[in-house]
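The file run.csv contains CSV, C-alpha atoms:
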chain,number,residue,atom,x,y,z
A,22,MET,CA,-26.4,-40.4,-65.3
A,23,SER,CA,-28.3,-37.6,-63.6
A,24,ARG,CA,-28.4,-39.6,-60.3
A,25,GLY,CA,-24.7,-40.2,-60.6
A,26,SER,CA,-23.9,-36.5,-61.1
A,27,GLN,CA,-26.1,-35.6,-58.2
A,28,GLY,CA,-24.2,-38.1,-56.1
A,29,ILE,CA,-20.8,-36.7,-57.2
A,30,SER,CA,-21.3,-33.0,-57.2
A,31,PRO,CA,-21.6,-32.4,-53.4
A,32,THR,CA,-18.5,-34.5,-52.9
A,33,ARG,CA,-16.7,-32.5,-55.5
A,34,ARG,CA,-17.8,-29.3,-53.8
A,35,GLN,CA,-16.6,-30.7,-50.5
A,36,ILE,CA,-13.3,-31.6,-52.0
A,37,MET,CA,-12.9,-28.1,-53.5
A,38,LEU,CA,-13.7,-26.5,-50.1
A,39,VAL,CA,-11.3,-28.7,-48.3
A,40,ALA,CA,-8.6,-27.9,-50.9
A,41,ALA,CA,-9.3,-24.2,-50.7
A,42,ALA,CA,-9.2,-24.3,-46.9
A,43,ALA,CA,-6.0,-26.2,-46.9
A,44,ALA,CA,-4.4,-23.7,-49.4
A,45,PHE,CA,-5.6,-20.8,-47.2
A,46,ALA,CA,-4.3,-22.4,-44.0
A,47,SER,CA,-0.9,-23.1,-45.5
A,48,SER,CA,-0.6,-19.5,-46.9
A,49,VAL,CA,-1.5,-18.1,-43.5
A,50,SER,CA,1.0,-20.3,-41.6
A,51,GLU,CA,3.8,-19.4,-44.1
A,52,ALA,CA,3.2,-15.7,-43.5
A,53,GLY,CA,3.4,-16.0,-39.7
A,54,ALA,CA,5.2,-17.7,-37.0
A,55,THR,CA,4.5,-21.4,-36.5
A,56,GLN,CA,4.8,-23.9,-33.7
A,57,ALA,CA,8.3,-24.7,-35.0
A,58,SER,CA,9.5,-21.1,-35.1
A,59,MET,CA,8.1,-20.6,-31.6
A,60,ASP,CA,10.0,-23.7,-30.4
A,61,ASP,CA,13.1,-22.3,-32.1
A,62,ALA,CA,12.7,-19.0,-30.4
A,63,ILE,CA,12.2,-20.7,-27.1
A,64,SER,CA,15.2,-22.9,-27.4
A,65,GLY,CA,17.2,-19.8,-28.4
A,66,VAL,CA,16.5,-18.6,-24.8
A,67,ILE,CA,16.5,-21.7,-22.7
A,68,GLY,CA,18.9,-23.9,-24.7
A,69,GLU,CA,18.5,-27.6,-24.0
A,70,ALA,CA,16.7,-27.0,-20.7
A,71,THR,CA,13.1,-28.2,-20.3
A,72,PRO,CA,10.8,-25.6,-18.6
A,73,GLN,CA,8.7,-27.1,-15.8
A,74,ARG,CA,5.0,-26.3,-15.5
A,75,GLY,CA,4.0,-24.2,-12.5
A,76,ARG,CA,5.2,-21.2,-10.5
A,77,VAL,CA,4.4,-19.0,-13.5
A,78,LYS,CA,0.9,-17.6,-14.0
A,79,LEU,CA,0.1,-16.1,-17.4
A,80,GLU,CA,-3.2,-14.2,-17.5
A,81,LEU,CA,-4.8,-13.4,-20.8
A,82,PRO,CA,-8.5,-13.1,-21.7
A,83,SER,CA,-9.7,-16.4,-23.2
A,84,ILE,CA,-11.7,-14.6,-25.8
A,85,VAL,CA,-10.5,-11.3,-27.3
A,86,GLU,CA,-12.6,-9.1,-29.5
A,87,ASN,CA,-9.8,-6.9,-30.7
A,88,GLY,CA,-6.4,-8.5,-31.3
A,89,ASN,CA,-4.7,-5.0,-31.6
A,90,THR,CA,-4.6,-4.6,-27.8
A,91,VAL,CA,-4.8,-7.6,-25.5
A,92,PRO,CA,-4.0,-7.2,-21.8
A,93,LEU,CA,-1.4,-9.6,-20.6
A,94,THR,CA,-0.1,-10.2,-17.0
A,95,VAL,CA,2.6,-12.6,-15.9
A,96,SER,CA,3.2,-13.3,-12.2
A,97,VAL,CA,5.8,-15.7,-10.9
A,98,GLU,CA,5.9,-17.3,-7.5
A,99,SER,CA,9.2,-16.3,-6.0
A,100,PRO,CA,10.5,-14.8,-2.8
A,101,MET,CA,12.6,-12.4,-4.9
A,102,THR,CA,15.6,-12.5,-2.6
A,103,GLU,CA,19.3,-12.2,-3.5
A,104,ALA,CA,19.6,-16.0,-3.5
A,105,ASP,CA,16.2,-17.0,-5.1
A,106,HIS,CA,14.7,-14.6,-7.6
A,107,VAL,CA,13.4,-14.4,-11.1
A,108,MET,CA,16.0,-13.1,-13.6
A,109,SER,CA,13.9,-12.8,-16.7
A,110,ILE,CA,10.4,-13.5,-18.1
A,111,HIS,CA,10.1,-14.3,-21.8
A,112,ILE,CA,6.8,-14.1,-23.7
A,113,PHE,CA,6.3,-16.0,-27.0
A,114,ASN,CA,3.4,-16.5,-29.4
A,115,GLN,CA,2.5,-19.2,-32.0
A,116,LYS,CA,1.0,-17.4,-35.0
A,117,ASN,CA,2.1,-13.7,-35.1
A,118,PRO,CA,4.6,-12.8,-37.9
A,119,GLN,CA,7.4,-13.2,-35.2
A,120,PRO,CA,7.5,-15.6,-32.3
A,121,HIS,CA,8.9,-13.1,-29.8
A,122,VAL,CA,6.6,-10.8,-27.9
A,123,ALA,CA,8.7,-9.3,-25.1
A,124,THR,CA,11.5,-10.1,-22.6
A,125,PHE,CA,11.5,-8.5,-19.1
A,126,TYR,CA,14.6,-8.5,-16.9
A,127,LEU,CA,14.1,-8.1,-13.2
A,128,GLY,CA,15.9,-8.9,-10.0
A,129,PRO,CA,15.6,-9.0,-6.2
A,130,ARG,CA,14.8,-5.3,-6.2
A,131,ALA,CA,11.5,-5.9,-8.0
A,132,GLY,CA,9.9,-7.2,-4.7
A,133,THR,CA,7.4,-9.2,-6.7
A,134,ALA,CA,7.8,-10.9,-10.0
A,135,ARG,CA,4.8,-9.5,-11.8
A,136,VAL,CA,4.7,-7.6,-15.1
A,137,SER,CA,1.8,-6.4,-17.2
A,138,THR,CA,1.6,-5.1,-20.8
A,139,ARG,CA,-0.7,-5.1,-23.8
A,140,ILE,CA,0.1,-7.2,-26.9
A,141,ARG,CA,-1.1,-7.8,-30.4
A,142,LEU,CA,-2.4,-11.1,-31.6
A,143,ALA,CA,-2.8,-11.8,-35.3
A,144,ASP,CA,-4.9,-15.0,-34.9
A,145,SER,CA,-6.4,-17.3,-32.3
A,146,GLN,CA,-3.3,-18.9,-30.8
A,147,LYS,CA,-1.3,-20.1,-27.8
A,148,VAL,CA,0.9,-17.6,-25.8
A,149,VAL,CA,3.7,-18.9,-23.7
A,150,ALA,CA,5.5,-17.3,-20.8
A,151,ILE,CA,8.8,-18.7,-19.5
A,152,ALA,CA,10.6,-17.5,-16.4
A,153,ARG,CA,14.3,-17.9,-15.8
A,154,PHE,CA,15.3,-18.3,-12.1
A,155,ALA,CA,18.6,-17.4,-10.5
A,156,ASP,CA,19.3,-21.1,-9.9
A,157,GLY,CA,19.2,-21.7,-13.6
A,158,SER,CA,15.8,-23.4,-13.7
A,159,PHE,CA,13.0,-22.5,-16.1
A,160,TRP,CA,9.3,-22.5,-15.3
A,161,SER,CA,6.5,-21.8,-17.7
A,162,ASP,CA,2.8,-21.3,-18.3
A,163,SER,CA,0.7,-21.0,-21.5
A,164,ALA,CA,-2.7,-19.6,-22.4
A,165,ASP,CA,-4.9,-20.2,-25.4
A,166,VAL,CA,-6.6,-17.1,-26.8
A,167,ILE,CA,-9.5,-16.9,-29.3
A,168,VAL,CA,-9.3,-13.7,-31.3
A,169,THR,CA,-12.4,-12.5,-33.2
A,170,LEU,CA,-10.8,-9.4,-34.8
A,171,ALA,CA,-7.1,-10.0,-35.6
A,172,ALA,CA,-4.5,-7.4,-35.3
A,173,CYS,CA,-4.1,-5.9,-38.7
A,174,THR,CA,-0.9,-7.0,-40.4
A,175,GLU,CA,-2.5,-6.9,-43.8
A,176,GLN,CA,-3.7,-3.3,-44.1
B,10,MET,CA,8.6,14.4,-27.4
B,11,ALA,CA,6.0,11.7,-27.1
B,12,ARG,CA,3.4,12.0,-24.4
B,13,VAL,CA,4.2,9.8,-21.4
B,14,LEU,CA,2.0,8.7,-18.5
B,15,ILE,CA,3.8,7.4,-15.4
B,16,ASN,CA,1.8,6.3,-12.3
B,17,LEU,CA,3.6,5.6,-9.0
B,18,PRO,CA,3.0,6.6,-5.4
B,19,GLU,CA,4.6,9.8,-4.2
B,20,LYS,CA,5.2,8.7,-0.6
B,21,VAL,CA,5.8,5.2,0.6
B,22,LYS,CA,7.1,3.3,3.6
B,23,ARG,CA,10.6,1.9,3.4
B,24,GLY,CA,10.8,-1.6,2.1
B,25,GLU,CA,7.3,-1.5,0.6
B,26,THR,CA,6.9,-3.0,-2.9
B,27,ILE,CA,5.3,-0.5,-5.2
B,28,GLU,CA,3.7,-1.0,-8.6
B,29,ILE,CA,4.8,1.4,-11.4
B,30,LYS,CA,2.6,1.8,-14.5
B,31,THR,CA,4.1,3.5,-17.6
B,32,LEU,CA,2.7,4.3,-21.0
B,33,ILE,CA,4.2,6.2,-24.0
B,34,ALA,CA,2.4,7.4,-27.1
B,35,HIS,CA,4.0,5.6,-30.0
B,36,PRO,CA,2.5,3.9,-33.1
B,37,MET,CA,4.6,0.7,-32.8
B,38,GLU,CA,4.6,0.2,-36.5
B,39,PRO,CA,5.2,-3.5,-36.8
B,40,GLY,CA,6.7,-3.5,-40.3
B,41,TYR,CA,4.2,-6.0,-41.7
B,42,ARG,CA,1.4,-3.7,-42.6
B,43,ALA,CA,0.9,-3.2,-46.4
B,44,ASP,CA,1.2,0.4,-47.6
B,45,GLY,CA,-1.1,-0.2,-50.6
B,46,LYS,CA,1.9,0.1,-53.0
B,47,GLY,CA,3.1,-3.5,-52.8
B,48,SER,CA,5.4,-3.1,-49.9
B,49,ALA,CA,5.0,-2.6,-46.2
B,50,PHE,CA,5.3,0.4,-43.9
B,51,PRO,CA,8.8,0.3,-42.5
B,52,ARG,CA,9.2,-1.0,-39.0
B,53,ASP,CA,9.3,1.6,-36.3
B,54,ILE,CA,8.9,0.4,-32.7
B,55,ILE,CA,10.2,1.1,-29.2
B,56,ASN,CA,12.5,-1.8,-28.7
B,57,ARG,CA,13.9,-1.1,-25.2
B,58,PHE,CA,12.6,0.3,-21.9
B,59,ILE,CA,14.8,0.8,-18.8
B,60,CYS,CA,13.9,1.9,-15.3
B,61,THR,CA,16.6,3.0,-12.9
B,62,TYR,CA,16.3,3.9,-9.2
B,63,ASN,CA,18.9,6.4,-8.0
B,64,GLY,CA,21.1,5.2,-10.9
B,65,ASP,CA,20.7,1.5,-10.4
B,66,GLU,CA,18.8,-0.5,-13.0
B,67,VAL,CA,15.8,-2.1,-11.5
B,68,PHE,CA,13.8,-3.2,-14.6
B,69,ARG,CA,14.4,-3.6,-18.3
B,70,ALA,CA,12.3,-4.8,-21.2
B,71,GLU,CA,13.0,-5.8,-24.7
B,72,LEU,CA,10.0,-5.2,-26.9
B,73,PHE,CA,9.0,-6.7,-30.3
B,74,PRO,CA,6.4,-5.7,-32.9
B,75,ALA,CA,3.8,-7.9,-31.0
B,76,ILE,CA,3.6,-5.1,-28.3
B,77,ALA,CA,0.5,-3.0,-28.9
B,78,ALA,CA,0.6,0.6,-30.0
B,79,ASN,CA,1.2,3.1,-27.1
B,80,PRO,CA,3.2,0.5,-25.2
B,81,PHE,CA,2.0,0.0,-21.6
B,82,ILE,CA,4.3,-1.6,-19.1
B,83,ALA,CA,3.6,-2.2,-15.4
B,84,PHE,CA,6.1,-3.6,-13.1
B,85,SER,CA,7.1,-3.4,-9.4
B,86,THR,CA,10.1,-2.3,-7.3
B,87,VAL,CA,11.0,-2.2,-3.6
B,88,ALA,CA,11.1,1.4,-2.2
B,89,THR,CA,14.6,1.5,-0.8
B,90,GLU,CA,15.3,5.2,-0.3
B,91,THR,CA,14.1,8.7,-1.3
B,92,GLY,CA,15.3,9.6,-4.7
B,93,GLU,CA,14.7,9.6,-8.4
B,94,LEU,CA,13.2,7.0,-10.7
B,95,ARG,CA,14.3,7.4,-14.4
B,96,PHE,CA,12.4,5.9,-17.2
B,97,SER,CA,13.8,5.7,-20.8
B,98,TRP,CA,12.3,4.4,-24.0
B,99,THR,CA,14.5,3.8,-27.1
B,100,ASP,CA,13.1,3.3,-30.6
B,101,ASP,CA,14.5,1.7,-33.8
B,102,HIS,CA,16.2,4.9,-34.8
B,103,GLY,CA,18.2,4.9,-31.6
B,104,GLN,CA,16.4,7.9,-30.2
B,105,THR,CA,15.8,7.8,-26.5
B,106,GLN,CA,13.2,9.6,-24.4
B,107,THR,CA,13.8,9.9,-20.7
B,108,GLU,CA,11.4,11.0,-17.9
B,109,SER,CA,12.1,11.1,-14.2
B,110,ARG,CA,9.9,11.0,-11.1
B,111,GLN,CA,10.7,11.7,-7.5
B,112,ILE,CA,9.8,9.3,-4.7
B,113,ILE,CA,9.7,10.0,-1.0
B,114,VAL,CA,10.5,7.0,1.3
B,115,GLU,CA,9.8,7.3,5.0

Show me the file's structure as structure tokens.
Amino acid sequence: MSRGSQGISPTRRQIMLVAAAAAFASSVSEAGATQASMDDAISGVIGEATPQRGRVKLELPSIVENGNTVPLTVSVESPMTEADHVMSIHIFNQKNPQPHVATFYLGPRAGTARVSTRIRLADSQKVVAIARFADGSFWSDSADVIVTLAACTEQ
Amino acid sequence: MARVLINLPEKVKRGETIEIKTLIAHPMEPGYRADGKGSAFPRDIINRFICTYNGDEVFRAELFPAIAANPFIAFSTVATETGELRFSWTDDHGQTQTESRQIIVE
């Protein structure tokens, strides 16, 4: 019997750990935005359109020590003329409490389509930038960020 | 009045693209932080930023709680003529702070 219990107990522990991790993971994802809510937020902006990869460059550090202030730069390849320019740049995240981060509206008077800001990240996650062009097309880029100290939403 | 930092060149050549950096002191309370009494501190953020150049809007931003405290925004514009750039930040209470800077275009 003792052999049997030795054989079982690590397995039980593993099961408990997995169950606890799953419960924790689900509680975290319920509290914040999810892939689905990010997709909803994105389709709220672009509708049925499918953004193409390219032209947009989203710069974020790949590893962040402090999620309270993360530098972000978006630059978009565009001549920024009256006929061909970026109208807006939309930033979304996957796991903050809300999927929206910011929307920037620009036009031919911007000269270059390049915007920088500092954002909060509540967890390691994907950040997406989508640019709307004057011809109605959408282009996008994404970046995966590992956050070691999350932005405090809890305390 | 919150403290504001605005960085842009004083004198530029006509047609040049200039970068403008702005920062305003603000806690950007996201509305999700627990206050220790079972609820959260109410949301209080700057949700809109607009830059006008001699009255014409050249840049606008809609901000959400994911923007870090003391929001920093850098963008660019083409120096078209000598005049005034106005920057305004609006918070959740509808209060707006406006700052202006002169630019000389040669």

task = Please report as a PyMOL selection string which residues of chain A come no farther than 6 Å from chain B, using all atoms listed in the file.
result = chain A and resi 90+122-127+130-132+136-141+174-176

inquiry  = Report, in Å to a single decimal, how far apart atom CA of B:Val13 and atom CA of B:Gly64 are.
reply    = 20.4 Å

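Pairwise distance (atom CA of A:Leu170, atom CA of A:Thr55) equals 19.5 Å.
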
request  = Quick one: pull the distance between atom CA of A:Ser58 and atom CA of A:Asp162, Å, one decimal.
outcome  =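 Taking atom CA of A:Ser58 as the start and atom CA of A:Asp162 as the end point, the length is 18.1 Å.
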
Counting all atoms listed in the file, the residue of A:Ile112, A:Ile63, A:Ala104, A:Ala134 that sits nearest A:Ala164 =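 Closest residue, counting all atoms listed in the file: A:Ile112.
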
query = Closest to A:Gln115 among A:Thr94, A:Ser145, A:Ser83, A:Ser158, using all atoms listed in the file?
reply =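 Among the listed residues, A:Ser145 lies closest to A:Gln115.
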
Would you compute an axis-aligned box for stretch 126-140 of chain A, covering every atom listed for it in the file with 4 Å of margin on each side, and report centre and edge lengths in Å to one decimal as AutoDock Vina command-line options?
--center_x 7.6 --center_y -8.0 --center_z -15.8 --size_x 24.6 --size_y 13.8 --size_z 30.2

message = Residues near stretch 106-110 of chain B, anyone? I mean within 6 Å using only C-alpha atoms, not counting same-chain ones fewer than 6 positions away, as a list in words.
response =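 Listing them by chain and then by number gives Glu93, Leu94, Arg95, Phe96, Ser97 and Trp98 of chain B.
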
Could you take the residues named above and write them with C-alpha atoms, as a PDB file, in the coordinates of the input?
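Once written, selection.pdb looks like this:
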ATOM      1  CA  GLU B  93      14.700   9.600  -8.400  1.00  0.00           C
ATOM      2  CA  LEU B  94      13.200   7.000 -10.700  1.00  0.00           C
ATOM      3  CA  ARG B  95      14.300   7.400 -14.400  1.00  0.00           C
ATOM      4  CA  PHE B  96      12.400   5.900 -17.200  1.00  0.00           C
ATOM      5  CA  SER B  97      13.800   5.700 -20.800  1.00  0.00           C
ATOM      6  CA  TRP B  98      12.300   4.400 -24.000  1.00  0.00           C
TER       7      TRP B  98
END

message = List the spatial neighbours of A:Asn87 as a ChimeraX atom specification - criterion: any atom at most 9 Å away, all atoms listed in the file, same-chain residues fewer than 2 positions off excluded.
response = /A:85,89-91,141-142,168-172

key: Residues near A:Asp165, cut-off 7 Å, only C-alpha atoms, skip fewer than 2 positions along chain, as a PyMOL selection string   = chain A and resi 83+146-148+163+167

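With distances restricted to all atoms listed in the file, B:Arg52 is the closest residue to B:Asp101 from B:Ala11, B:Lys46, B:Leu17, B:Arg52.
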
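For the set A:Thr102, A:Val97, A:Asn114, A:Gly128, the residue with the smallest atom-to-atom gap to A:Ala57 is A:Asn114, counting all atoms listed in the file.
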